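S.K.: My structure file final26.txt, compact mmCIF, C-alpha atoms, is below:
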```txt
# COMPACT_ATOMS: atom_id res chain seq x y z
CA MET B 1485 -49.57 37.20 -85.97
CA LYS B 1486 -47.09 34.55 -84.73
CA LEU B 1487 -46.79 33.96 -81.00
CA ARG B 1488 -43.29 34.04 -79.50
CA SER B 1489 -44.27 32.28 -76.24
CA VAL B 1490 -47.35 30.90 -74.55
CA ALA B 1491 -47.81 30.49 -70.78
CA LEU B 1492 -50.29 27.82 -69.70
CA VAL B 1493 -50.11 27.30 -65.92
CA GLY B 1494 -46.67 25.76 -65.86
CA VAL B 1495 -46.83 24.54 -69.50
CA VAL B 1496 -44.69 26.14 -72.21
CA CYS B 1497 -45.71 25.66 -75.84
CA ILE B 1498 -45.18 27.32 -79.20
CA ALA B 1499 -48.39 27.79 -81.16
CA THR B 1500 -50.06 29.96 -83.74
CA LEU B 1501 -53.21 31.99 -83.17
CA GLY B 1502 -56.39 30.38 -84.29
CA LEU B 1503 -55.44 26.89 -83.13
CA ILE B 1504 -58.76 25.36 -82.17
CA GLY B 1505 -59.25 22.03 -80.48
CA VAL B 1506 -62.38 19.98 -80.18
CA GLY B 1507 -64.56 19.65 -77.11
CA ALA B 1508 -65.25 21.86 -74.12
CA HIS B 1509 -64.04 25.41 -74.53
CA ALA B 1510 -61.36 27.08 -72.39
CA ALA B 1511 -60.08 30.60 -72.75
CA PHE B 1512 -56.40 31.34 -72.93
CA THR B 1513 -54.22 34.45 -72.93
CA THR B 1514 -50.98 35.04 -74.77
CA SER B 1515 -48.44 37.81 -74.70
CA THR B 1516 -46.10 39.13 -77.32
CA THR B 1517 -42.51 40.21 -76.81
CA SER B 1518 -43.63 43.85 -77.23
CA GLY B 1519 -45.78 43.54 -74.13
CA GLN B 1520 -49.12 43.66 -76.02
CA THR B 1521 -51.79 41.37 -74.68
CA ILE B 1522 -53.94 39.45 -77.11
CA THR B 1523 -56.95 37.37 -76.23
CA ALA B 1524 -57.51 34.93 -78.99
CA GLY B 1525 -60.62 32.87 -78.82
CA THR B 1526 -61.02 29.58 -77.02
CA TRP B 1527 -59.83 26.00 -77.19
CA ALA B 1528 -62.43 23.35 -77.23
CA THR B 1529 -60.33 21.12 -74.95
CA GLN B 1530 -57.55 22.44 -72.76
CA PRO B 1531 -54.41 20.76 -74.12
CA THR B 1532 -52.23 18.81 -71.69
CA LYS B 1533 -48.49 18.83 -71.74
CA SER B 1534 -45.95 16.91 -69.72
CA ILE B 1535 -42.90 18.60 -68.28
CA THR B 1536 -39.62 16.92 -67.37
CA ARG B 1537 -37.96 18.72 -64.50
CA ARG B 1538 -34.16 18.47 -64.18
CA THR B 1539 -32.53 19.47 -60.94
CA ILE B 1540 -28.86 20.36 -60.85
CA THR B 1541 -27.32 20.29 -57.41
CA THR B 1542 -23.88 21.18 -56.18
CA THR B 1543 -22.24 19.58 -53.19
CA ASP B 1544 -19.82 21.38 -50.91
CA PRO B 1545 -16.35 19.88 -50.91
CA THR B 1546 -15.69 17.35 -48.18
CA ALA B 1547 -14.61 19.02 -44.96
CA PRO B 1548 -10.92 18.81 -44.13
CA THR B 1549 -9.70 16.29 -41.57
CA ALA B 1550 -7.70 17.07 -38.47
CA SER B 1551 -5.98 14.76 -36.01
CA ILE B 1552 -3.89 15.06 -32.86
CA THR B 1553 -0.67 13.04 -32.85
CA TYR B 1554 0.52 14.08 -29.38
CA PRO B 1555 -0.57 13.59 -26.66
CA VAL B 1556 -1.85 10.03 -27.12
CA ASP B 1557 -5.42 9.41 -26.05
CA GLY B 1558 -5.78 7.75 -22.65
CA THR B 1559 -2.14 8.20 -21.65
CA SER B 1560 -0.78 9.58 -18.39
CA TYR B 1561 2.29 11.80 -18.63
CA GLY B 1562 4.73 13.05 -16.03
CA THR B 1563 8.32 14.12 -16.53
CA ALA B 1564 8.07 12.55 -19.99
CA TRP B 1565 5.71 15.34 -21.17
CA THR B 1566 7.32 16.86 -24.30
CA GLY B 1567 5.83 20.34 -23.90
CA THR B 1568 4.35 20.39 -27.41
CA ILE B 1569 0.91 19.39 -28.69
CA THR B 1570 1.19 18.24 -32.31
CA GLY B 1571 -1.13 17.20 -35.10
CA THR B 1572 -1.80 16.96 -38.82
CA ALA B 1573 -4.55 18.03 -41.21
CA SER B 1574 -5.49 17.38 -44.82
CA SER B 1575 -7.99 18.90 -47.21
CA ALA B 1576 -10.26 17.40 -49.83
CA ALA B 1577 -9.44 17.51 -53.52
CA SER B 1578 -9.44 21.01 -55.05
CA THR B 1579 -9.17 22.70 -51.65
CA THR B 1580 -6.33 23.65 -49.35
CA ILE B 1581 -5.94 24.31 -45.64
CA THR B 1582 -5.88 28.11 -45.59
CA ALA B 1583 -5.19 29.00 -41.98
CA ALA B 1584 -3.30 27.83 -38.94
CA ALA B 1585 -4.86 25.00 -36.95
CA MET B 1586 -6.85 26.08 -33.92
CA VAL B 1587 -6.56 24.11 -30.69
CA ALA B 1588 -8.81 24.02 -27.62
CA ILE B 1589 -7.48 22.53 -24.37
CA GLU B 1590 -9.61 21.90 -21.31
CA ASP B 1591 -8.52 21.08 -17.78
CA THR B 1592 -11.34 18.60 -17.27
CA THR B 1593 -10.63 18.48 -13.54
CA THR B 1594 -11.41 22.19 -13.11
CA ASN B 1595 -13.61 22.56 -16.24
CA LYS B 1596 -11.53 25.54 -17.36
CA TRP B 1597 -10.23 26.17 -20.90
CA TRP B 1598 -6.81 27.35 -22.02
CA ASN B 1599 -6.88 30.97 -23.22
CA GLY B 1600 -3.31 31.09 -24.46
CA SER B 1601 -1.70 31.88 -21.13
CA SER B 1602 -3.71 30.07 -18.43
CA PHE B 1603 -6.69 27.80 -17.79
CA ASN B 1604 -9.18 30.55 -16.95
CA ASP B 1605 -11.93 30.44 -19.61
CA ALA B 1606 -15.30 29.06 -18.58
CA THR B 1607 -16.24 28.17 -22.17
CA GLN B 1608 -14.40 26.46 -25.00
CA SER B 1609 -11.65 28.68 -26.33
CA PHE B 1610 -9.49 28.00 -29.39
CA VAL B 1611 -5.94 29.30 -29.74
CA ALA B 1612 -3.86 29.34 -32.91
CA ALA B 1613 -1.21 26.67 -33.42
CA ILE B 1614 1.83 27.03 -35.66
CA GLY B 1615 1.29 25.45 -39.09
CA ASN B 1616 -1.73 23.93 -40.74
CA THR B 1617 -1.21 20.57 -42.48
CA THR B 1618 1.46 19.80 -39.86
CA TRP B 1619 1.00 21.89 -36.76
CA LEU B 1620 2.21 22.32 -33.19
CA LEU B 1621 1.28 24.24 -30.10
CA SER B 1622 3.66 24.79 -27.19
CA LEU B 1623 2.21 23.83 -23.82
CA GLY B 1624 4.93 23.45 -21.23
CA ALA B 1625 4.68 21.28 -18.16
CA GLY B 1626 4.52 24.49 -16.11
CA SER B 1627 1.04 25.10 -17.53
CA LEU B 1628 -0.22 21.71 -16.31
CA THR B 1629 -1.25 20.68 -12.81
CA SER B 1630 -0.07 17.35 -11.44
CA GLY B 1631 -3.02 15.04 -10.88
CA ASP B 1632 -5.34 16.85 -13.30
CA SER B 1633 -6.87 15.46 -16.46
CA TYR B 1634 -7.03 17.27 -19.80
CA SER B 1635 -8.71 17.09 -23.20
CA VAL B 1636 -7.52 18.47 -26.54
CA VAL B 1637 -9.48 19.13 -29.75
CA ALA B 1638 -8.28 20.78 -32.96
CA GLN B 1639 -9.98 22.48 -35.92
CA VAL B 1640 -8.79 23.42 -39.40
CA THR B 1641 -10.45 25.44 -42.18
CA ASP B 1642 -10.06 24.90 -45.92
CA SER B 1643 -10.26 27.29 -48.87
CA ALA B 1644 -13.97 26.52 -49.33
CA GLY B 1645 -14.71 27.67 -45.80
CA ASP B 1646 -15.36 24.14 -44.54
CA VAL B 1647 -14.24 23.34 -41.01
CA GLY B 1648 -12.84 19.97 -39.91
CA THR B 1649 -12.71 18.99 -36.24
CA SER B 1650 -10.50 16.30 -34.74
CA SER B 1651 -11.51 13.60 -32.31
CA THR B 1652 -11.02 14.62 -28.69
CA VAL B 1653 -7.85 13.33 -27.06
CA SER B 1654 -7.77 12.93 -23.28
CA PHE B 1655 -4.71 12.57 -21.08
CA THR B 1656 -3.60 12.86 -17.48
CA TYR B 1657 -0.63 14.75 -16.12
CA ASN B 1658 0.92 13.36 -12.96
CA THR B 1659 4.40 13.99 -11.61
CA GLY B 1660 3.66 12.40 -8.27
CA PRO B 1661 4.78 8.89 -7.31
CA THR B 1662 3.07 6.10 -9.25
CA ALA B 1663 3.56 2.35 -9.27
CA ALA B 1664 6.42 1.17 -11.46
CA PRO B 1665 5.53 -1.06 -14.39
CA THR B 1666 6.12 -4.80 -14.20
CA VAL B 1667 8.03 -6.81 -16.78
CA SER B 1668 8.89 -10.48 -17.11
CA VAL B 1669 10.89 -12.75 -19.40
CA THR B 1670 8.71 -15.62 -20.65
CA TYR B 1671 11.40 -17.32 -22.78
CA PRO B 1672 13.95 -18.68 -22.04
CA VAL B 1673 12.77 -20.42 -18.87
CA ASP B 1674 14.91 -19.94 -15.79
CA GLY B 1675 17.27 -22.83 -15.03
CA ILE B 1676 16.79 -24.67 -18.33
CA THR B 1677 19.47 -25.99 -20.68
CA TYR B 1678 18.73 -25.56 -24.37
CA GLY B 1679 20.29 -27.15 -27.43
CA ALA B 1680 18.83 -27.68 -30.88
CA ASP B 1681 15.42 -26.80 -29.45
CA TRP B 1682 16.44 -23.14 -28.86
CA THR B 1683 13.69 -21.12 -30.53
CA GLY B 1684 15.86 -18.16 -31.53
CA THR B 1685 13.61 -15.57 -29.86
CA ILE B 1686 13.69 -14.09 -26.36
CA THR B 1687 10.15 -13.08 -25.34
CA GLY B 1688 8.38 -11.31 -22.51
CA THR B 1689 5.45 -9.22 -21.31
CA ALA B 1690 4.99 -5.97 -19.39
CA SER B 1691 2.17 -4.00 -17.79
CA SER B 1692 1.91 -0.50 -16.37
CA GLY B 1693 0.46 0.79 -13.15
CA ALA B 1694 -2.81 2.67 -12.84
CA SER B 1695 -3.09 5.83 -14.97
CA THR B 1696 0.17 5.14 -16.82
CA THR B 1697 1.11 3.35 -20.02
CA ILE B 1698 4.25 1.65 -21.32
CA THR B 1699 5.67 4.31 -23.61
CA ALA B 1700 8.70 2.70 -25.23
CA ALA B 1701 10.01 -0.62 -26.46
CA ALA B 1702 11.25 -3.07 -23.85
CA MET B 1703 15.02 -3.09 -23.34
CA VAL B 1704 16.86 -6.39 -22.89
CA ALA B 1705 20.31 -7.12 -21.44
CA ILE B 1706 21.95 -10.53 -22.07
CA GLU B 1707 25.12 -11.65 -20.34
CA ASP B 1708 27.37 -14.59 -21.16
CA THR B 1709 28.00 -15.43 -17.51
CA THR B 1710 30.79 -17.81 -18.47
CA THR B 1711 32.85 -15.01 -20.04
CA ASN B 1712 31.24 -12.10 -18.10
CA GLN B 1713 30.60 -10.26 -21.37
CA TRP B 1714 27.35 -8.49 -22.33
CA TRP B 1715 25.54 -8.52 -25.66
CA ASN B 1716 25.96 -5.18 -27.47
CA GLY B 1717 23.54 -5.91 -30.30
CA THR B 1718 26.01 -7.79 -32.49
CA ALA B 1719 28.34 -9.71 -30.16
CA PHE B 1720 29.17 -10.44 -26.52
CA ALA B 1721 31.75 -7.66 -26.37
CA ALA B 1722 30.53 -5.21 -23.70
CA SER B 1723 32.28 -5.35 -20.33
CA SER B 1724 29.34 -3.78 -18.47
CA GLN B 1725 25.58 -4.28 -18.62
CA SER B 1726 24.26 -3.17 -22.00
CA PHE B 1727 20.58 -2.98 -23.00
CA VAL B 1728 19.30 -3.42 -26.56
CA ALA B 1729 15.81 -2.57 -27.80
CA ALA B 1730 13.29 -5.36 -28.28
CA ASN B 1731 10.25 -5.23 -30.55
CA GLY B 1732 7.07 -4.21 -28.71
CA ASN B 1733 6.43 -3.17 -25.13
CA THR B 1734 3.50 -4.83 -23.37
CA THR B 1735 4.25 -7.96 -25.41
CA TRP B 1736 7.81 -7.93 -26.68
CA TYR B 1737 10.41 -10.11 -28.37
CA LEU B 1738 14.07 -10.00 -29.36
CA ALA B 1739 15.42 -12.17 -32.16
CA PHE B 1740 18.44 -14.04 -30.79
CA GLY B 1741 19.59 -16.94 -32.94
CA ALA B 1742 21.49 -19.99 -31.72
CA GLY B 1743 24.52 -18.71 -33.63
CA ASN B 1744 24.96 -16.09 -30.89
CA LEU B 1745 25.34 -18.78 -28.21
CA THR B 1746 28.38 -20.88 -27.33
CA ALA B 1747 27.83 -24.55 -26.49
CA GLY B 1748 28.53 -25.18 -22.83
CA ASN B 1749 28.24 -21.52 -21.78
CA SER B 1750 25.69 -20.11 -19.37
CA TYR B 1751 23.66 -16.93 -19.90
CA SER B 1752 21.38 -14.51 -18.06
CA VAL B 1753 18.59 -12.27 -19.38
CA VAL B 1754 17.02 -9.22 -17.75
CA ALA B 1755 14.47 -6.79 -19.24
CA GLU B 1756 13.34 -3.23 -18.47
CA VAL B 1757 10.36 -1.10 -19.49
CA THR B 1758 9.52 2.56 -18.92
CA ASP B 1759 6.05 4.01 -18.37
CA SER B 1760 4.58 7.41 -19.22
CA ALA B 1761 5.51 8.74 -15.78
CA GLU B 1762 9.17 7.79 -16.38
CA ASN B 1763 8.97 4.90 -13.90
CA VAL B 1764 11.23 1.99 -14.81
CA GLY B 1765 10.30 -1.62 -14.18
CA THR B 1766 12.93 -4.37 -14.16
CA SER B 1767 12.32 -8.08 -14.57
CA SER B 1768 13.75 -10.91 -12.51
CA THR B 1769 16.93 -12.34 -14.00
CA VAL B 1770 16.48 -15.51 -16.02
CA SER B 1771 19.46 -17.88 -16.35
CA PHE B 1772 19.91 -20.65 -18.88
CA THR B 1773 22.60 -22.85 -20.39
CA CYS B 1774 23.45 -23.66 -23.99
CA GLY B 1775 23.90 -27.44 -23.92
CA THR B 1776 26.42 -29.71 -25.61
CA ALA B 1777 26.16 -33.16 -27.14
CA ALA B 1778 28.17 -34.55 -24.22
CA MET B 1779 25.44 -33.82 -21.70
CA ILE B 1780 23.75 -36.68 -19.90
CA ASP B 1781 20.83 -38.15 -21.81
CA PRO B 1782 17.45 -38.36 -20.11
CA THR B 1783 16.31 -41.73 -18.79
CA VAL B 1784 13.06 -43.46 -19.67
CA GLY B 1785 11.55 -46.76 -18.61
CA VAL B 1786 8.51 -48.89 -19.51
CA THR B 1787 6.65 -49.86 -16.32
CA TYR B 1788 3.84 -51.82 -18.01
CA PRO B 1789 3.90 -54.40 -19.55
CA VAL B 1790 6.49 -56.21 -17.46
CA ASP B 1791 9.38 -57.73 -19.38
CA GLY B 1792 9.02 -61.50 -20.01
CA THR B 1793 5.37 -61.69 -18.91
CA SER B 1794 2.48 -63.36 -20.72
CA TYR B 1795 -0.87 -61.59 -20.66
CA GLY B 1796 -4.36 -62.63 -21.56
CA ALA B 1797 -7.67 -61.44 -20.17
CA ASP B 1798 -5.73 -59.52 -17.53
CA TRP B 1799 -4.19 -57.16 -20.14
CA THR B 1800 -4.95 -53.67 -18.82
CA GLY B 1801 -5.11 -51.96 -22.21
CA THR B 1802 -2.53 -49.26 -21.33
CA ILE B 1803 1.24 -49.15 -21.81
CA LEU B 1804 2.88 -47.08 -19.05
CA GLY B 1805 6.24 -45.51 -18.34
CA THR B 1806 8.27 -42.77 -16.66
CA ALA B 1807 11.14 -40.49 -17.66
CA SER B 1808 13.57 -38.07 -16.02
CA SER B 1809 16.08 -35.55 -17.33
CA GLY B 1810 19.65 -34.84 -16.39
CA ALA B 1811 20.80 -31.88 -14.33
CA SER B 1812 19.69 -28.46 -15.67
CA THR B 1813 17.48 -29.98 -18.38
CA THR B 1814 13.82 -30.89 -18.64
CA ILE B 1815 11.76 -33.33 -20.67
CA THR B 1816 10.32 -31.06 -23.35
CA ALA B 1817 8.03 -33.31 -25.39
CA THR B 1818 5.72 -36.27 -25.00
CA ALA B 1819 7.24 -39.73 -24.80
CA MET B 1820 7.36 -41.70 -28.06
CA VAL B 1821 6.60 -45.43 -28.05
CA ALA B 1822 7.44 -48.13 -30.62
CA ILE B 1823 5.63 -51.50 -30.45
CA GLU B 1824 6.63 -54.49 -32.58
CA ASP B 1825 4.76 -57.71 -33.20
CA THR B 1826 7.91 -59.84 -33.12
CA THR B 1827 6.00 -62.84 -34.44
CA THR B 1828 5.18 -61.06 -37.72
CA ASN B 1829 8.07 -58.52 -37.58
CA GLN B 1830 5.61 -55.68 -38.14
CA TRP B 1831 5.54 -52.39 -36.21
CA TRP B 1832 2.54 -50.48 -34.85
CA ASN B 1833 1.77 -47.35 -36.92
CA GLY B 1834 -0.93 -45.95 -34.67
CA SER B 1835 -3.78 -48.01 -36.07
CA SER B 1836 -2.37 -51.43 -37.04
CA PHE B 1837 0.78 -53.56 -37.23
CA ASN B 1838 1.67 -52.73 -40.82
CA ASP B 1839 5.05 -50.93 -40.76
CA ALA B 1840 8.10 -52.90 -41.86
CA THR B 1841 10.48 -50.63 -39.95
CA GLN B 1842 10.48 -49.23 -36.43
CA SER B 1843 7.75 -46.61 -36.03
CA PHE B 1844 7.19 -44.40 -32.97
CA VAL B 1845 3.80 -43.04 -31.90
CA ALA B 1846 3.21 -40.28 -29.36
CA ALA B 1847 2.17 -41.21 -25.84
CA ILE B 1848 0.35 -38.87 -23.45
CA GLY B 1849 2.66 -37.16 -20.97
CA ASN B 1850 6.44 -37.09 -20.66
CA THR B 1851 7.88 -37.63 -17.17
CA THR B 1852 4.89 -39.90 -16.48
CA TRP B 1853 3.36 -41.18 -19.68
CA TYR B 1854 0.87 -43.67 -21.04
CA LEU B 1855 -0.38 -45.04 -24.35
CA ALA B 1856 -3.83 -46.59 -24.70
CA PHE B 1857 -3.40 -50.00 -26.35
CA GLY B 1858 -6.45 -52.24 -26.17
CA ALA B 1859 -6.44 -56.03 -26.36
CA GLY B 1860 -8.13 -55.77 -29.73
CA ASN B 1861 -4.77 -54.66 -31.17
CA LEU B 1862 -3.06 -57.88 -30.03
CA THR B 1863 -3.16 -61.35 -31.59
CA ALA B 1864 -3.46 -64.33 -29.26
CA GLY B 1865 -0.26 -66.36 -29.26
CA ASN B 1866 1.95 -63.59 -30.69
CA ASN B 1867 4.98 -62.01 -29.05
CA TYR B 1868 5.56 -58.26 -28.72
CA SER B 1869 8.24 -55.76 -27.76
CA VAL B 1870 7.95 -52.18 -26.50
CA VAL B 1871 10.58 -49.41 -26.48
CA ALA B 1872 10.16 -45.73 -25.51
CA GLU B 1873 12.07 -42.50 -26.15
CA VAL B 1874 12.04 -39.02 -24.60
CA THR B 1875 13.82 -35.76 -25.55
CA ASP B 1876 15.15 -33.16 -23.12
CA SER B 1877 15.56 -29.39 -23.41
CA ALA B 1878 19.11 -29.83 -24.74
CA SER B 1879 17.75 -32.08 -27.51
CA ASN B 1880 19.33 -35.15 -25.95
CA VAL B 1881 17.34 -38.33 -26.56
CA GLY B 1882 16.94 -41.07 -23.99
CA THR B 1883 15.83 -44.56 -24.99
CA SER B 1884 14.38 -47.20 -22.69
CA SER B 1885 15.33 -50.86 -22.45
CA THR B 1886 13.20 -53.09 -24.63
CA VAL B 1887 10.36 -54.85 -22.86
CA SER B 1888 9.07 -58.12 -24.35
CA PHE B 1889 5.81 -59.86 -23.59
CA THR B 1890 3.44 -62.48 -24.96
CA TYR B 1891 -0.23 -62.13 -25.49
CA GLY B 1892 -1.90 -65.53 -24.80
CA THR B 1893 -5.42 -66.81 -24.87
CA ALA B 1894 -7.77 -66.45 -21.95
CA GLN B 1895 -6.44 -68.24 -18.88
CA ALA B 1896 -8.39 -70.85 -16.95
CA PRO B 1897 -9.29 -69.83 -13.41
CA GLY B 1898 -6.31 -70.37 -11.07
CA ALA B 1899 -3.84 -70.75 -13.96
CA SER B 1900 -0.63 -68.76 -13.97
CA ASN B 1901 0.20 -66.12 -16.56
CA GLY B 1902 3.95 -66.21 -15.78
```
Represent the structure contained in this file as structure tokens.
M.R.:
Amino acid sequence: MKLRSVALVGVVCIATLGLIGVGAHAAFTTSTTSGQTITAGTWATQPTKSITRRTITTTDPTAPTASITYPVDGTSYGTAWTGTITGTASSAASTTITAAAMVAIEDTTTNKWWNGSSFNDATQSFVAAIGNTTWLLSLGAGSLTSGDSYSVVAQVTDSAGDVGTSSTVSFTYNTGPTAAPTVSVTYPVDGITYGADWTGTITGTASSGASTTITAAAMVAIEDTTTNQWWNGTAFAASSQSFVAANGNTTWYLAFGAGNLTAGNSYSVVAEVTDSAENVGTSSTVSFTCGTAAMIDPTVGVTYPVDGTSYGADWTGTILGTASSGASTTITATAMVAIEDTTTNQWWNGSSFNDATQSFVAAIGNTTWYLAFGAGNLTAGNNYSVVAEVTDSASNVGTSSTVSFTYGTAQAPGASNG
């Protein structure tokens, strides 16, 4: 008789009756498909078989995601509260969000949960929002208590029964008086005249008071005080103060190219920001002038070496000078110094006298400046000249008188250098 199946303690084999091995005997039992039991002899050695086990697993689809878009975490609201909690949700591939989002709101000051009509539940309570992938829940300011803090969490369920929970968002509601935000204009600088050095960007910063945040872009008003016209976003054509939106709030900027300015005209800039409690902060007014080529150039002088002097061992090793700007301008960059070895007609390039044409190197400082220039750079017996330049905030350049000196050999004690 042929066997249909053989069970050997976890081993499955197909065999025929009468199969005899060699060695120690072991009894075995087989069964036929008809249910008859047959005991058929012994095997000399119990055969061994190896089994490969394959496990097939299934993974539940990824849980859906939920997020709260309003209110914003960590923000304090007052009269600016919109009255609607909003959020979004998305499901994993091959699933869909099948029900309305559920939202739980806690008054964390009283430790009570919103039950749909009041904050009276002692334990977390979810209420249904409107919508699922994009959802909203009305919560008017009349349901909130000024001075209290709140938390919001949302949940959504997908078609596989998986639940996704949002991060918790916390906010404060306060309609009482709070400190107004502060705002300042960092560029242009008050009282300065600008020319070709105008950067083309008005900049500033702002900060909010305790428990509030800056909630909107800074607003900037620019007046041409020569014509008494305000900037309307494209031209100086508004007869009354007009604010335009900058980019950013706590750090903000407004592109404002030189093409918008008229040479010789004066301007003022003021900025405003609004916080989450609807407090408005206003900056100090900054005034500046757009310069012209006819403005007075800055002045600059070389104070050491002294013109017409011969130096030797008494050379100090430092070229010195001063500079000053005209009215309503400032010196905006370091002084530039050109040194010529007039014996060889070569100019100093910062490391040696090798330039055939005038070459300026940067000194340290502007209104008071210096340039380290050791005796090792000078040749005994040669003559030298020094000239300096400075640039003001209207891009006017001032040039010093030329100072000439001689570098001699070491002087005998009591001998004159002059």
S.K.: Could you check the closest approach to Thr1566 in chain B for each of B:Ala1550, B:Ala1612, B:Ala1705, B:Ala1761 and tell me which residue wins, using only C-alpha atoms?
M.R.: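 When distances to Thr1566 in chain B are compared using only C-alpha atoms, the smallest one comes from B:Ala1761.
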S.K.: Name the residues in contact with Val1770 in chain B at a cut-off of 12 Å, using all atoms listed in the file, excluding same-chain residues fewer than 6 positions from it; report them as number ranges by chain.
M.R.: B: 1668-1677, 1686-1688, 1704-1707, 1709, 1750-1755
S.K.: Hey, which of B:Ser1869, B:Thr1607, B:Thr1641, B:Thr1563 ends up closest to Ala1625 in chain B? Count all atoms listed in the file.
M.R.: B:Thr1563
S.K.: From the list B:Ala1730, B:Ala1878, B:Ala1722, B:Ala1680, which residue is nearest Thr1814 in chain B when using only C-alpha atoms?
M.R.: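 That would be B:Ala1878, the residue with the smallest distance to Thr1814 in chain B.
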S.K.: Around (6.1, -44.2, -16.4), as given in the file, which residues come within 9 Å? Count only C-alpha atoms and list them as a list in words.
M.R.: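 In the file's frame, the residues around the point are Val1784, Gly1785, Val1786, Thr1787, Tyr1788, Ile1803, Leu1804, Gly1805, Thr1806, Ala1807, Asn1850, Thr1851, Thr1852, Trp1853 and Tyr1854 of chain B.
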S.K.: Hey, can I get the axis-aligned box for range 1620-1636 of chain B? All listed atoms, 8 Å padding on each side, centre and edge lengths in Å to one decimal, as JSON.
M.R.:
```
{"center_x": -1.9, "center_y": 20.1, "center_z": -22.0, "size_x": 29.6, "size_y": 26.1, "size_z": 38.3}
```
S.K.: Using only C-alpha atoms, which of B:Ile1569, B:Val1636, B:Ala1576, B:Ile1815 sits nearest Leu1620 in chain B?
M.R.: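 Closest to Leu1620 in chain B, using only C-alpha atoms: B:Ile1569.
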S.K.: Take the point (-7.5, -53.7, -26.4) in the file's coordinates, draw a sphere of radius 10 Å around it, and report as an MDAnalysis selection string every protein, DNA or RNA residue with an atom inside or on it, counting all atoms listed in the file.
M.R.: chainID B and resid 1797 1799:1802 1856:1862
S.K.: Could you check the closest approach to Asn1595 in chain B for each of B:Ala1694, B:Tyr1634, B:Asn1616, B:Val1790 and tell me which residue wins, using all atoms listed in the file?
M.R.: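 Of the candidates, the smallest distance to Asn1595 in chain B is held by B:Tyr1634.
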S.K.: Excluding same-chain residues fewer than 3 positions from Leu1621 in chain B, what lies within 7 Å of it counting all atoms listed in the file, as a PyMOL selection string?
M.R.: chain B and resi 1568-1570+1613-1614
S.K.: Can I get the selected residues back with C-alpha atoms, as a short mmCIF file (atom, residue, chain, number, x, y, z; two decimals), in the frame of the given file?
M.R.:
```cif
data_model
loop_
_atom_site.label_atom_id
_atom_site.label_comp_id
_atom_site.auth_asym_id
_atom_site.auth_seq_id
_atom_site.Cartn_x
_atom_site.Cartn_y
_atom_site.Cartn_z
CA THR B 1568 4.35 20.39 -27.41
CA ILE B 1569 0.91 19.39 -28.69
CA THR B 1570 1.19 18.24 -32.31
CA ALA B 1613 -1.21 26.67 -33.42
CA ILE B 1614 1.83 27.03 -35.66
#
```
S.K.: Skip Val1611 in chain B itself and residues of its chain fewer than 5 positions away, then list as an mmCIF file with C-alpha atoms, keeping the file's coordinate frame all residues within 7 Å of it, counting all atoms listed in the file.
M.R.:
```
data_model
loop_
_atom_site.group_PDB
_atom_site.id
_atom_site.type_symbol
_atom_site.label_atom_id
_atom_site.label_comp_id
_atom_site.auth_asym_id
_atom_site.auth_seq_id
_atom_site.Cartn_x
_atom_site.Cartn_y
_atom_site.Cartn_z
ATOM 1 C CA MET B 1586 -6.850 26.080 -33.920
ATOM 2 C CA VAL B 1587 -6.560 24.110 -30.690
ATOM 3 C CA ALA B 1588 -8.810 24.020 -27.620
ATOM 4 C CA ASN B 1599 -6.880 30.970 -23.220
ATOM 5 C CA GLY B 1600 -3.310 31.090 -24.460
#
```
S.K.: Assuming the input is short of atoms at range 1825-1833 of chain B, produce N, CA and C atoms for that part as a PDB file, in the coordinates of the input.
M.R.:
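Output file selection-v1.pdb follows:
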```pdb
ATOM      1  N   ASP B1825       5.247 -56.338 -33.260  1.00  0.00           N
ATOM      2  CA  ASP B1825       4.760 -57.710 -33.200  1.00  0.00           C
ATOM      3  C   ASP B1825       5.928 -58.559 -33.688  1.00  0.00           C
ATOM      4  N   THR B1826       6.684 -59.124 -32.747  1.00  0.00           N
ATOM      5  CA  THR B1826       7.910 -59.840 -33.120  1.00  0.00           C
ATOM      6  C   THR B1826       7.630 -61.187 -33.766  1.00  0.00           C
ATOM      7  N   THR B1827       6.362 -61.611 -33.740  1.00  0.00           N
ATOM      8  CA  THR B1827       6.000 -62.840 -34.440  1.00  0.00           C
ATOM      9  C   THR B1827       5.876 -62.573 -35.933  1.00  0.00           C
ATOM     10  N   THR B1828       5.348 -61.412 -36.298  1.00  0.00           N
ATOM     11  CA  THR B1828       5.180 -61.060 -37.720  1.00  0.00           C
ATOM     12  C   THR B1828       6.237 -60.068 -38.200  1.00  0.00           C
ATOM     13  N   ASN B1829       7.060 -59.546 -37.263  1.00  0.00           N
ATOM     14  CA  ASN B1829       8.070 -58.520 -37.580  1.00  0.00           C
ATOM     15  C   ASN B1829       7.449 -57.251 -38.189  1.00  0.00           C
ATOM     16  N   GLN B1830       6.287 -56.901 -37.718  1.00  0.00           N
ATOM     17  CA  GLN B1830       5.610 -55.680 -38.140  1.00  0.00           C
ATOM     18  C   GLN B1830       5.488 -54.725 -36.949  1.00  0.00           C
ATOM     19  N   TRP B1831       5.590 -53.405 -37.250  1.00  0.00           N
ATOM     20  CA  TRP B1831       5.540 -52.390 -36.210  1.00  0.00           C
ATOM     21  C   TRP B1831       4.193 -51.663 -36.223  1.00  0.00           C
ATOM     22  N   TRP B1832       3.798 -51.212 -35.037  1.00  0.00           N
ATOM     23  CA  TRP B1832       2.540 -50.480 -34.850  1.00  0.00           C
ATOM     24  C   TRP B1832       2.668 -49.071 -35.425  1.00  0.00           C
ATOM     25  N   ASN B1833       1.708 -48.675 -36.289  1.00  0.00           N
ATOM     26  CA  ASN B1833       1.770 -47.350 -36.920  1.00  0.00           C
ATOM     27  C   ASN B1833       0.746 -46.380 -36.359  1.00  0.00           C
TER      28      ASN B1833
END
```
